[in-house]
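Structure data (JSON, C-alpha atoms and all ligand atoms) from upload_20.json:
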```json
[["chain", "number", "residue", "atom", "x", "y", "z"],
["A", 1, "MET", "CA", -70.46, 89.81, 86.75],
["A", 2, "SER", "CA", -71.20, 91.97, 89.77],
["A", 3, "GLY", "CA", -73.08, 95.23, 89.91],
["A", 4, "ALA", "CA", -75.22, 96.74, 87.18],
["A", 5, "TYR", "CA", -72.71, 96.50, 84.34],
["A", 6, "ASP", "CA", -71.03, 93.70, 82.41],
["A", 7, "ARG", "CA", -67.51, 95.10, 82.45],
["A", 8, "THR", "CA", -66.31, 92.60, 79.86],
["A", 9, "HIS", "CA", -68.15, 94.75, 77.29],
["A", 10, "GLY", "CA", -65.40, 97.32, 77.83],
["A", 11, "ASP", "CA", -62.57, 94.92, 77.02],
["A", 12, "THR", "CA", -60.78, 95.40, 73.72],
["A", 13, "GLY", "CA", -57.88, 92.95, 73.89],
["A", 14, "ASN", "CA", -54.39, 93.68, 72.67],
["A", 15, "ILE", "CA", -55.20, 94.81, 69.11],
["A", 16, "VAL", "CA", -55.99, 98.51, 69.41],
["A", 17, "ALA", "CA", -56.79, 99.36, 65.79],
["A", 18, "LEU", "CA", -57.00, 97.97, 62.28],
["A", 19, "GLU", "CA", -55.51, 100.92, 60.45],
["A", 20, "HIS", "CA", -54.91, 100.02, 56.84],
["A", 21, "VAL", "CA", -55.22, 97.52, 54.04],
["A", 22, "ASN", "CA", -52.48, 97.59, 51.37],
["A", 23, "VAL", "CA", -53.06, 96.31, 47.83],
["A", 24, "THR", "CA", -51.01, 97.34, 44.82],
["A", 25, "ILE", "CA", -53.02, 98.58, 41.83],
["A", 26, "PRO", "CA", -51.93, 99.20, 38.23],
["A", 27, "ASP", "CA", -53.77, 102.47, 37.44],
["A", 28, "GLN", "CA", -54.01, 105.45, 39.80],
["A", 29, "GLN", "CA", -56.66, 107.19, 37.68],
["A", 30, "ALA", "CA", -59.02, 104.23, 37.84],
["A", 31, "ALA", "CA", -58.29, 103.93, 41.57],
["A", 32, "THR", "CA", -59.21, 107.59, 42.04],
["A", 33, "ALA", "CA", -62.45, 107.04, 40.14],
["A", 34, "PHE", "CA", -63.38, 104.08, 42.33],
["A", 35, "TYR", "CA", -62.13, 105.02, 45.79],
["A", 36, "VAL", "CA", -62.47, 108.81, 45.78],
["A", 37, "MET", "CA", -65.25, 109.59, 43.29],
["A", 38, "GLY", "CA", -67.22, 106.36, 43.71],
["A", 39, "LEU", "CA", -66.87, 105.25, 47.30],
["A", 40, "GLY", "CA", -66.56, 108.88, 48.41],
["A", 41, "PHE", "CA", -63.36, 108.51, 50.41],
["A", 42, "THR", "CA", -60.67, 111.18, 50.71],
["A", 43, "ARG", "CA", -57.17, 111.10, 49.33],
["A", 44, "ASP", "CA", -54.63, 111.74, 52.08],
["A", 45, "PRO", "CA", -53.49, 115.29, 51.26],
["A", 46, "TYR", "CA", -50.21, 115.05, 53.15],
["A", 47, "LEU", "CA", -48.57, 111.69, 52.46],
["A", 48, "MET", "CA", -48.14, 109.65, 49.25],
["A", 49, "VAL", "CA", -49.44, 112.41, 47.00],
["A", 50, "GLY", "CA", -47.49, 111.42, 43.88],
["A", 51, "LEU", "CA", -48.28, 109.08, 41.01],
["A", 52, "ASP", "CA", -46.75, 105.92, 42.47],
["A", 53, "ASN", "CA", -48.95, 105.54, 45.54],
["A", 54, "MET", "CA", -52.18, 106.84, 47.03],
["A", 55, "TRP", "CA", -53.39, 106.66, 50.60],
["A", 56, "VAL", "CA", -57.15, 106.87, 50.87],
["A", 57, "ASN", "CA", -58.77, 107.83, 54.16],
["A", 58, "ILE", "CA", -61.84, 106.03, 55.48],
["A", 59, "GLY", "CA", -62.57, 107.69, 58.80],
["A", 60, "ARG", "CA", -59.72, 106.65, 61.07],
["A", 61, "SER", "CA", -58.40, 104.01, 58.66],
["A", 62, "GLN", "CA", -56.92, 103.90, 55.17],
["A", 63, "CYS", "CA", -56.46, 101.90, 52.00],
["A", 64, "HIS", "CA", -52.88, 102.02, 50.74],
["A", 65, "LEU", "CA", -52.65, 101.74, 46.97],
["A", 66, "PRO", "CA", -49.10, 101.65, 45.62],
["A", 67, "THR", "CA", -48.75, 101.32, 41.86],
["A", 68, "GLY", "CA", -47.98, 97.73, 40.81],
["A", 69, "SER", "CA", -49.54, 94.50, 39.64],
["A", 70, "PRO", "CA", -53.08, 94.18, 40.97],
["A", 71, "MET", "CA", -53.42, 92.42, 44.31],
["A", 72, "ARG", "CA", -56.64, 90.99, 45.56],
["A", 73, "LEU", "CA", -57.56, 90.51, 49.19],
["A", 74, "ARG", "CA", -58.88, 87.02, 49.79],
["A", 75, "GLY", "CA", -62.19, 88.09, 51.26],
["A", 76, "THR", "CA", -64.32, 91.19, 51.69],
["A", 77, "ILE", "CA", -63.61, 94.62, 53.14],
["A", 78, "GLY", "CA", -66.46, 95.88, 55.34],
["A", 79, "ILE", "CA", -67.09, 99.61, 55.35],
["A", 80, "VAL", "CA", -69.51, 101.94, 57.11],
["A", 81, "VAL", "CA", -70.63, 104.85, 54.92],
["A", 82, "PRO", "CA", -72.95, 107.70, 55.88],
["A", 83, "ASP", "CA", -75.61, 107.14, 53.19],
["A", 84, "LEU", "CA", -76.12, 104.06, 51.01],
["A", 85, "GLY", "CA", -78.39, 105.90, 48.54],
["A", 86, "GLU", "CA", -75.80, 108.60, 47.88],
["A", 87, "LEU", "CA", -73.14, 105.89, 47.57],
["A", 88, "ALA", "CA", -75.18, 104.12, 44.89],
["A", 89, "GLN", "CA", -75.58, 107.40, 42.99],
["A", 90, "ARG", "CA", -71.83, 108.02, 43.04],
["A", 91, "LEU", "CA", -71.07, 104.49, 41.87],
["A", 92, "THR", "CA", -73.57, 104.90, 39.03],
["A", 93, "ARG", "CA", -71.79, 108.10, 37.95],
["A", 94, "VAL", "CA", -68.32, 106.51, 37.86],
["A", 95, "ALA", "CA", -69.43, 103.34, 36.07],
["A", 96, "PRO", "CA", -68.66, 104.69, 32.55],
["A", 97, "LEU", "CA", -65.12, 105.61, 33.67],
["A", 98, "LEU", "CA", -64.52, 102.04, 34.77],
["A", 99, "ALA", "CA", -66.06, 100.22, 31.81],
["A", 100, "GLY", "CA", -63.99, 97.23, 30.78],
["A", 101, "THR", "CA", -62.63, 96.65, 34.30],
["A", 102, "GLN", "CA", -63.87, 94.31, 37.01],
["A", 103, "PHE", "CA", -65.81, 97.19, 38.57],
["A", 104, "SER", "CA", -69.39, 96.38, 39.52],
["A", 105, "PHE", "CA", -71.81, 97.16, 42.28],
["A", 106, "ARG", "CA", -75.11, 95.89, 43.54],
["A", 107, "VAL", "CA", -77.60, 97.58, 45.81],
["A", 108, "HIS", "CA", -79.27, 95.37, 48.43],
["A", 109, "ALA", "CA", -81.87, 96.37, 51.02],
["A", 110, "ASP", "CA", -79.32, 96.69, 53.81],
["A", 111, "ARG", "CA", -75.98, 97.14, 52.03],
["A", 112, "VAL", "CA", -74.18, 97.98, 48.80],
["A", 113, "GLU", "CA", -71.68, 95.47, 47.43],
["A", 114, "ALA", "CA", -68.99, 97.03, 45.25],
["A", 115, "THR", "CA", -66.05, 95.50, 43.41],
["A", 116, "CYS", "CA", -62.98, 97.57, 42.59],
["A", 117, "PRO", "CA", -61.58, 97.66, 39.03],
["A", 118, "TRP", "CA", -59.24, 94.77, 39.95],
["A", 119, "GLY", "CA", -61.63, 92.55, 41.86],
["A", 120, "ASN", "CA", -61.36, 93.68, 45.50],
["A", 121, "ARG", "CA", -64.72, 93.33, 47.15],
["A", 122, "PHE", "CA", -66.27, 95.93, 49.45],
["A", 123, "ARG", "CA", -69.42, 95.47, 51.51],
["A", 124, "CYS", "CA", -70.78, 98.88, 52.46],
["A", 125, "HIS", "CA", -73.14, 99.28, 55.40],
["A", 126, "ALA", "CA", -75.17, 102.15, 56.79],
["A", 127, "PRO", "CA", -74.16, 103.30, 60.28],
["A", 128, "SER", "CA", -75.55, 101.15, 63.07],
["A", 129, "PRO", "CA", -74.77, 100.60, 66.77],
["A", 130, "GLY", "CA", -73.03, 97.32, 65.98],
["A", 131, "PHE", "CA", -70.28, 99.31, 64.24],
["A", 132, "GLY", "CA", -69.96, 101.83, 67.07],
["A", 133, "ALA", "CA", -70.79, 105.52, 66.83],
["A", 134, "THR", "CA", -69.05, 106.02, 63.49],
["A", 135, "GLU", "CA", -70.59, 107.02, 60.16],
["A", 136, "LEU", "CA", -67.41, 106.36, 58.16],
["A", 137, "ALA", "CA", -65.09, 103.50, 59.00],
["A", 138, "LEU", "CA", -63.19, 100.43, 57.97],
["A", 139, "ALA", "CA", -65.40, 98.21, 60.12],
["A", 140, "TYR", "CA", -64.03, 94.75, 59.39],
["A", 141, "ILE", "CA", -62.19, 92.52, 57.01],
["A", 142, "GLU", "CA", -63.75, 89.14, 56.38],
["A", 143, "PHE", "CA", -61.24, 86.62, 55.05],
["A", 144, "GLU", "CA", -62.40, 83.40, 53.43],
["A", 145, "VAL", "CA", -60.52, 80.49, 54.96],
["A", 146, "PRO", "CA", -60.59, 76.70, 54.51],
["A", 147, "ARG", "CA", -63.00, 74.49, 56.47],
["A", 148, "GLY", "CA", -61.75, 73.41, 59.87],
["A", 149, "THR", "CA", -59.45, 76.38, 60.44],
["A", 150, "ALA", "CA", -61.58, 78.91, 62.36],
["A", 151, "GLU", "CA", -60.97, 77.46, 65.84],
["A", 152, "GLY", "CA", -57.23, 77.36, 65.29],
["A", 153, "ILE", "CA", -57.20, 80.89, 63.91],
["A", 154, "ALA", "CA", -59.11, 82.24, 66.92],
["A", 155, "ARG", "CA", -56.69, 80.46, 69.26],
["A", 156, "PHE", "CA", -53.70, 81.90, 67.38],
["A", 157, "TYR", "CA", -54.98, 85.46, 67.83],
["A", 158, "ARG", "CA", -55.72, 84.85, 71.51],
["A", 159, "GLU", "CA", -52.39, 83.24, 72.38],
["A", 160, "ALA", "CA", -49.98, 84.86, 69.93],
["A", 161, "LEU", "CA", -51.45, 88.37, 69.75],
["A", 162, "GLY", "CA", -53.33, 88.64, 73.07],
["A", 163, "ALA", "CA", -56.49, 89.50, 71.17],
["A", 164, "ILE", "CA", -60.06, 88.78, 72.14],
["A", 165, "ALA", "CA", -61.10, 86.11, 69.65],
["A", 166, "ALA", "CA", -63.79, 83.46, 69.51],
["A", 167, "THR", "CA", -65.45, 81.22, 66.99],
["A", 168, "GLU", "CA", -69.09, 81.81, 66.16],
["A", 169, "ARG", "CA", -71.53, 80.56, 63.54],
["A", 170, "ARG", "CA", -72.78, 82.95, 60.91],
["A", 171, "GLY", "CA", -75.14, 81.78, 58.21],
["A", 172, "GLY", "CA", -74.11, 78.17, 58.83],
["A", 173, "ASP", "CA", -70.37, 78.87, 58.57],
["A", 174, "ALA", "CA", -67.84, 78.84, 61.39],
["A", 175, "VAL", "CA", -66.29, 82.29, 61.70],
["A", 176, "ALA", "CA", -63.32, 83.29, 63.83],
["A", 177, "SER", "CA", -64.08, 86.78, 65.11],
["A", 178, "VAL", "CA", -61.10, 88.78, 66.34],
["A", 179, "ALA", "CA", -61.55, 92.13, 68.08],
["A", 180, "ALA", "CA", -59.39, 94.86, 66.55],
["A", 181, "GLY", "CA", -59.94, 97.83, 68.80],
["A", 182, "SER", "CA", -63.23, 98.91, 70.29],
["A", 183, "THR", "CA", -65.46, 98.13, 67.31],
["A", 184, "GLN", "CA", -63.36, 96.86, 64.38],
["A", 185, "LYS", "CA", -63.03, 93.18, 63.61],
["A", 186, "LEU", "CA", -60.96, 90.68, 61.71],
["A", 187, "LEU", "CA", -63.26, 87.87, 60.62],
["A", 188, "PHE", "CA", -62.21, 84.52, 59.17],
["A", 189, "ARG", "CA", -65.17, 82.74, 57.57],
["A", 190, "GLU", "CA", -64.81, 79.08, 56.64],
["A", 191, "THR", "CA", -65.79, 78.34, 53.03],
["A", 192, "ASP", "CA", -65.64, 75.27, 50.79],
["A", 193, "ALA", "CA", -63.49, 76.99, 48.18],
["A", 194, "SER", "CA", -59.76, 76.83, 48.75],
["A", 195, "PRO", "CA", -58.20, 80.29, 48.79],
["A", 196, "PRO", "CA", -56.33, 81.47, 45.69],
["A", 197, "PRO", "CA", -52.54, 81.76, 46.05],
["A", 198, "TYR", "CA", -51.46, 84.54, 48.42],
["A", 199, "ASP", "CA", -50.22, 87.55, 46.41],
["A", 200, "GLY", "CA", -48.50, 89.64, 49.09],
["A", 201, "HIS", "CA", -51.15, 92.20, 50.11],
["A", 202, "HIS", "CA", -51.14, 93.20, 53.77],
["A", 203, "ILE", "CA", -53.09, 94.62, 56.67],
["A", 204, "GLN", "CA", -51.74, 96.83, 59.44],
["A", 205, "ILE", "CA", -52.65, 96.67, 63.12],
["A", 206, "TYR", "CA", -51.59, 98.57, 66.22],
["A", 207, "ILE", "CA", -51.06, 96.54, 69.38],
["A", 208, "ALA", "CA", -50.55, 97.69, 72.98],
["A", 209, "ASP", "CA", -48.32, 94.83, 74.20],
["A", 210, "PHE", "CA", -45.75, 94.97, 71.40],
["A", 211, "SER", "CA", -42.95, 92.79, 72.76],
["A", 212, "GLY", "CA", -45.04, 89.87, 74.05],
["A", 213, "PRO", "CA", -46.42, 88.84, 70.63],
["A", 214, "HIS", "CA", -43.00, 89.50, 69.11],
["A", 215, "ARG", "CA", -41.37, 87.07, 71.52],
["A", 216, "PHE", "CA", -44.08, 84.48, 70.84],
["A", 217, "LEU", "CA", -43.68, 84.81, 67.07],
["A", 218, "VAL", "CA", -39.86, 84.77, 67.20],
["A", 219, "GLU", "CA", -39.93, 81.52, 69.20],
["A", 220, "ARG", "CA", -41.95, 79.92, 66.40],
["A", 221, "GLY", "CA", -39.94, 81.41, 63.55],
["A", 222, "LEU", "CA", -42.90, 83.40, 62.28],
["A", 223, "ILE", "CA", -41.47, 86.93, 62.09],
["A", 224, "THR", "CA", -40.87, 87.81, 58.43],
["A", 225, "GLU", "CA", -39.53, 91.34, 58.80],
["A", 226, "GLU", "CA", -37.95, 93.39, 61.58],
["A", 227, "SER", "CA", -38.98, 96.65, 59.92],
["A", 228, "ASN", "CA", -37.83, 99.20, 62.49],
["A", 229, "GLU", "CA", -38.03, 100.04, 66.19],
["A", 230, "HIS", "CA", -41.81, 100.37, 66.09],
["A", 231, "GLN", "CA", -42.82, 97.77, 63.51],
["A", 232, "TYR", "CA", -42.42, 94.11, 62.59],
["A", 233, "ARG", "CA", -44.28, 91.81, 60.24],
["A", 234, "PHE", "CA", -45.55, 88.24, 60.18],
["A", 235, "ARG", "CA", -47.53, 86.35, 57.55],
["A", 236, "ASP", "CA", -48.58, 82.92, 58.68],
["A", 237, "ILE", "CA", -51.43, 82.16, 61.07],
["A", 238, "VAL", "CA", -50.62, 78.70, 62.38],
["A", 239, "GLU", "CA", -52.15, 75.88, 64.38],
["A", 240, "LEU", "CA", -50.17, 76.32, 67.59],
["A", 241, "ASP", "CA", -49.60, 72.64, 68.43],
["A", 242, "SER", "CA", -48.53, 71.41, 65.00],
["A", 243, "GLY", "CA", -47.25, 74.60, 63.38],
["A", 244, "LYS", "CA", -49.46, 73.89, 60.37],
["A", 245, "VAL", "CA", -50.25, 77.03, 58.39],
["A", 246, "LEU", "CA", -53.99, 77.76, 58.56],
["A", 247, "PHE", "CA", -54.05, 81.00, 56.53],
["A", 248, "THR", "CA", -51.57, 83.56, 55.26],
["A", 249, "ILE", "CA", -52.03, 87.30, 55.39],
["A", 250, "GLU", "CA", -49.15, 89.65, 56.07],
["A", 251, "HIS", "CA", -49.66, 91.68, 59.24],
["A", 252, "GLU", "CA", -47.77, 94.92, 59.58],
["A", 253, "VAL", "CA", -47.64, 95.14, 63.37],
["A", 254, "ARG", "CA", -46.94, 98.51, 64.98],
["A", 255, "SER", "CA", -46.55, 99.69, 68.53],
["A", 256, "LEU", "CA", -48.43, 102.69, 69.87],
["A", 257, "LEU", "CA", -45.10, 104.55, 69.83],
["A", 258, "ASN", "CA", -45.04, 104.47, 66.03],
["A", 259, "PRO", "CA", -45.17, 108.12, 64.95],
["A", 260, "LEU", "CA", -48.11, 107.34, 62.66],
["A", 261, "TYR", "CA", -50.28, 106.00, 65.49],
["A", 262, "ALA", "CA", -53.63, 107.83, 65.78],
["A", 263, "ARG", "CA", -52.54, 110.30, 63.13],
["A", 264, "PRO", "CA", -55.45, 112.67, 62.41],
["A", 265, "LEU", "CA", -56.85, 111.85, 58.98],
["A", 266, "VAL", "CA", -58.62, 114.31, 56.71],
["A", 267, "ASN", "CA", -62.11, 113.23, 55.66],
["A", 268, "ARG", "CA", -64.28, 115.31, 53.38],
["A", 269, "ASN", "CA", -68.04, 115.39, 53.11],
["A", 270, "PRO", "CA", -68.65, 113.45, 49.88],
["A", 271, "ALA", "CA", -72.09, 115.05, 49.44],
["A", 272, "GLN", "CA", -70.56, 118.51, 48.97],
["A", 273, "THR", "CA", -70.60, 119.87, 45.40],
["A", 274, "ASN", "CA", -69.96, 123.20, 43.70],
["A", 275, "ILE", "CA", -73.52, 123.20, 42.35],
["A", 276, "ASP", "CA", -75.36, 123.23, 45.67],
["A", 277, "TYR", "CA", -72.46, 124.24, 47.86],
["A", 278, "ALA", "CA", -73.08, 124.47, 51.60],
["A", 279, "ARG", "CA", -70.70, 126.68, 53.55],
["A", 280, "ARG", "CA", -68.85, 125.06, 56.46],
["A", 281, "HIS", "CA", -69.84, 121.55, 55.31],
["A", 282, "ASP", "CA", -66.65, 120.55, 53.49],
["A", 283, "VAL", "CA", -65.38, 118.48, 56.39],
["A", 284, "PHE", "CA", -67.04, 115.16, 57.06],
["A", 285, "ARG", "CA", -69.08, 115.47, 60.25],
["A", 286, "GLY", "CA", -68.93, 112.03, 61.73],
["A", 287, "THR", "CA", -65.40, 110.71, 61.75],
["A", 288, "TYR", "CA", -64.64, 110.97, 65.44],
["B", 301, "FE", "FE", -48.62, 98.98, 55.25]]
```
Would you mind writing the file out in structure tokens?
Amino acid sequence: MSGAYDRTHGDTGNIVALEHVNVTIPDQQAATAFYVMGLGFTRDPYLMVGLDNMWVNIGRSQCHLPTGSPMRLRGTIGIVVPDLGELAQRLTRVAPLLAGTQFSFRVHADRVEATCPWGNRFRCHAPSPGFGATELALAYIEFEVPRGTAEGIARFYREALGAIAATERRGGDAVASVAAGSTQKLLFRETDASPPPYDGHHIQIYIADFSGPHRFLVERGLITEESNEHQYRFRDIVELDSGKVLFTIEHEVRSLLNPLYARPLVNRNPAQTNIDYARRHDVFRGTY
């Protein structure tokens, strides 16, 4: 370090953004009650507006919810929301609509934990500098991985993806922390429980060096889909010396030339109602 600034704080690595999580769900009405009415997110008004899929905007990111058998992410989705108290009120209001499902929520001093009707877990935080300047964001995904895998996972993201990744200890557990853009993170927390079988859900990332990771993954036989000019997929995160699979989560990998990159997303102000309507406050204030 020279001069007054630590310039490494400005490094983001090769993963530019964690844009969406995709889980199929069996009931679009219940999904609307949870994601739109409860969590306060906004249905994408332009794409996937039918009955067989819903894209839900969370600041600059999305949840993709095609209709199908329920999928469950093997970990927790970390969200920043503008107001935890208002979130708890909304979740209380939708609870009767989701009776008989796996829906639940719990209010803690510093967060609200919410479970979707099919068991996906969300940890909702108030805005804070650690999440960047945002008030509404998909901040991180924390996967639960077997003991002894965090170091190998961090190395995989460094060497295969060109990401900034390191292992740290959080609450006694080893956690691989992978930078996904300026403030988002992919976290891999070691736990004693072995993960349930992988059911095919996926995450989507944008990367700046698109061909380098592709070449690396092709050499190891890890590419699972050559989707199109601007996208490929892989599933297995491996120990790079032995090839042993450490964890499986499908990555939809896109270049910055993908037409969907940095697409402006509509976000509403979830506090707005027709009862105490405030003019010019329909649009959420803090997305960008
Ligand atoms: Fe996707």
So what do you get for CA of Pro82 in chain A versus CA of Pro127 in chain A, distance-wise? 6.3 Å
Around ligand FE 301 (chain B), which protein and nucleic acid residues have at least one atom no more than 9 Å from it, if we count only C-alpha atoms and all ligand atoms? List them as a VMD selection string. chain A and resid 19 to 22 63 to 64 201 to 204 251 to 252
Compile the contact shell of Ile141 in chain A as a JSON list (two decimals) with C-alpha atoms, keeping the file's coordinate frame: residues with an atom at most 12 Å away, counting all atoms listed in the file, same-chain residues fewer than 6 positions apart removed.
```json
[["chain", "number", "residue", "atom", "x", "y", "z"],
["A", 18, "LEU", "CA", -57.00, 97.97, 62.28],
["A", 19, "GLU", "CA", -55.51, 100.92, 60.45],
["A", 20, "HIS", "CA", -54.91, 100.02, 56.84],
["A", 21, "VAL", "CA", -55.22, 97.52, 54.04],
["A", 73, "LEU", "CA", -57.56, 90.51, 49.19],
["A", 74, "ARG", "CA", -58.88, 87.02, 49.79],
["A", 75, "GLY", "CA", -62.19, 88.09, 51.26],
["A", 76, "THR", "CA", -64.32, 91.19, 51.69],
["A", 77, "ILE", "CA", -63.61, 94.62, 53.14],
["A", 78, "GLY", "CA", -66.46, 95.88, 55.34],
["A", 79, "ILE", "CA", -67.09, 99.61, 55.35],
["A", 80, "VAL", "CA", -69.51, 101.94, 57.11],
["A", 120, "ASN", "CA", -61.36, 93.68, 45.50],
["A", 121, "ARG", "CA", -64.72, 93.33, 47.15],
["A", 122, "PHE", "CA", -66.27, 95.93, 49.45],
["A", 123, "ARG", "CA", -69.42, 95.47, 51.51],
["A", 124, "CYS", "CA", -70.78, 98.88, 52.46],
["A", 175, "VAL", "CA", -66.29, 82.29, 61.70],
["A", 176, "ALA", "CA", -63.32, 83.29, 63.83],
["A", 177, "SER", "CA", -64.08, 86.78, 65.11],
["A", 178, "VAL", "CA", -61.10, 88.78, 66.34],
["A", 179, "ALA", "CA", -61.55, 92.13, 68.08],
["A", 180, "ALA", "CA", -59.39, 94.86, 66.55],
["A", 184, "GLN", "CA", -63.36, 96.86, 64.38],
["A", 185, "LYS", "CA", -63.03, 93.18, 63.61],
["A", 186, "LEU", "CA", -60.96, 90.68, 61.71],
["A", 187, "LEU", "CA", -63.26, 87.87, 60.62],
["A", 188, "PHE", "CA", -62.21, 84.52, 59.17],
["A", 189, "ARG", "CA", -65.17, 82.74, 57.57],
["A", 202, "HIS", "CA", -51.14, 93.20, 53.77],
["A", 203, "ILE", "CA", -53.09, 94.62, 56.67],
["A", 204, "GLN", "CA", -51.74, 96.83, 59.44],
["A", 249, "ILE", "CA", -52.03, 87.30, 55.39]]
```
Distance table requested - range 116-180 of chain A against range 258-279 of chain A, cut-off 12 Å, only C-alpha atoms: one row per qualifying residue with the closest atom pair and its distance in Å to one decimal, ordered by chain and rising residue number, as CSV.
```
residue,atom,partner,partner_atom,distance
A:Glu135,CA,A:Asn269,CA,11.2
A:Leu136,CA,A:Asn267,CA,9.0
A:Ala137,CA,A:Asn267,CA,10.7
```
Using all atoms listed in the file, which residue out of A:Asn57, A:Thr8, A:Ser242, A:Asn14 lies closest to Asp209 in chain A?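 Looking at the shortest contact to Asp209 in chain A, the residue is A:Asn14.
Taking only C-alpha atoms into account, the protein, DNA and RNA residues within 8 Å of (-46.1, 99.1, 70.4) read Tyr206, Ile207, Ala208, Asp209, Phe210, Ser211, His230, Gln231, Arg254, Ser255, Leu256, Leu257 and Asn258 of chain A.
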So how far away is CA of Cys116 in chain A from CA of Phe103 in chain A, in Å?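 Between CA of Phe103 in chain A and CA of Cys116 in chain A the gap is 4.9 Å.
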Have a look at CA of Arg43 in chain A and CA of Thr12 in chain A and let me know their distance in Å, one decimal.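 Computed distance, CA of Arg43 in chain A to CA of Thr12 in chain A, equals 29.2 Å.
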Just want the 12 Å neighbourhood of His108 in chain A, counted on only C-alpha atoms, with same-chain residues fewer than 3 positions away dropped. Output as JSON, numbers by chain. {"A": [84, 85, 88, 105, 111, 112, 113, 114, 123, 124, 125, 126]}
Polymer residues at most 9 Å from (-43.9, 83.0, 61.2) by all atoms listed in the file, as a PyMOL selection string: chain A and resi 217-218+220-224+233-238
Give me the residues near Pro96 in chain A as JSON, numbers by chain, where near means some atom within 12 Å (using only C-alpha atoms) and where sequence neighbours in that chain fewer than 6 positions away do not count. {"A": [30, 33, 34, 38, 90, 103, 104, 117]}
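Of the listed residues A:Glu239, A:Leu138, A:Thr42, A:Pro26, the one whose atoms come nearest to Asp282 in chain A is A:Thr42, with distances taken using all atoms listed in the file.
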Produce the centre coordinates and the three edge lengths, each in Å to one decimal, of the box along x, y and z that contains all listed atoms of range 231-234 of chain A with 6 Å added on each side, as JSON.
```
{"center_x": -44.0, "center_y": 93.0, "center_z": 61.8, "size_x": 15.1, "size_y": 21.5, "size_z": 15.3}
```
Using only C-alpha atoms, the shortest atom-to-atom distance to Glu225 in chain A among A:Val253, A:Met37, A:Val81, A:Leu91 belongs to A:Val253
Check the smallest atom-to-atom distance from each of A:Tyr232, A:Gly100, A:Glu190, A:Ile15 to Gly172 in chain A using all atoms listed in the file, then report the winner.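 Smallest separation from Gly172 in chain A among the options: A:Glu190.
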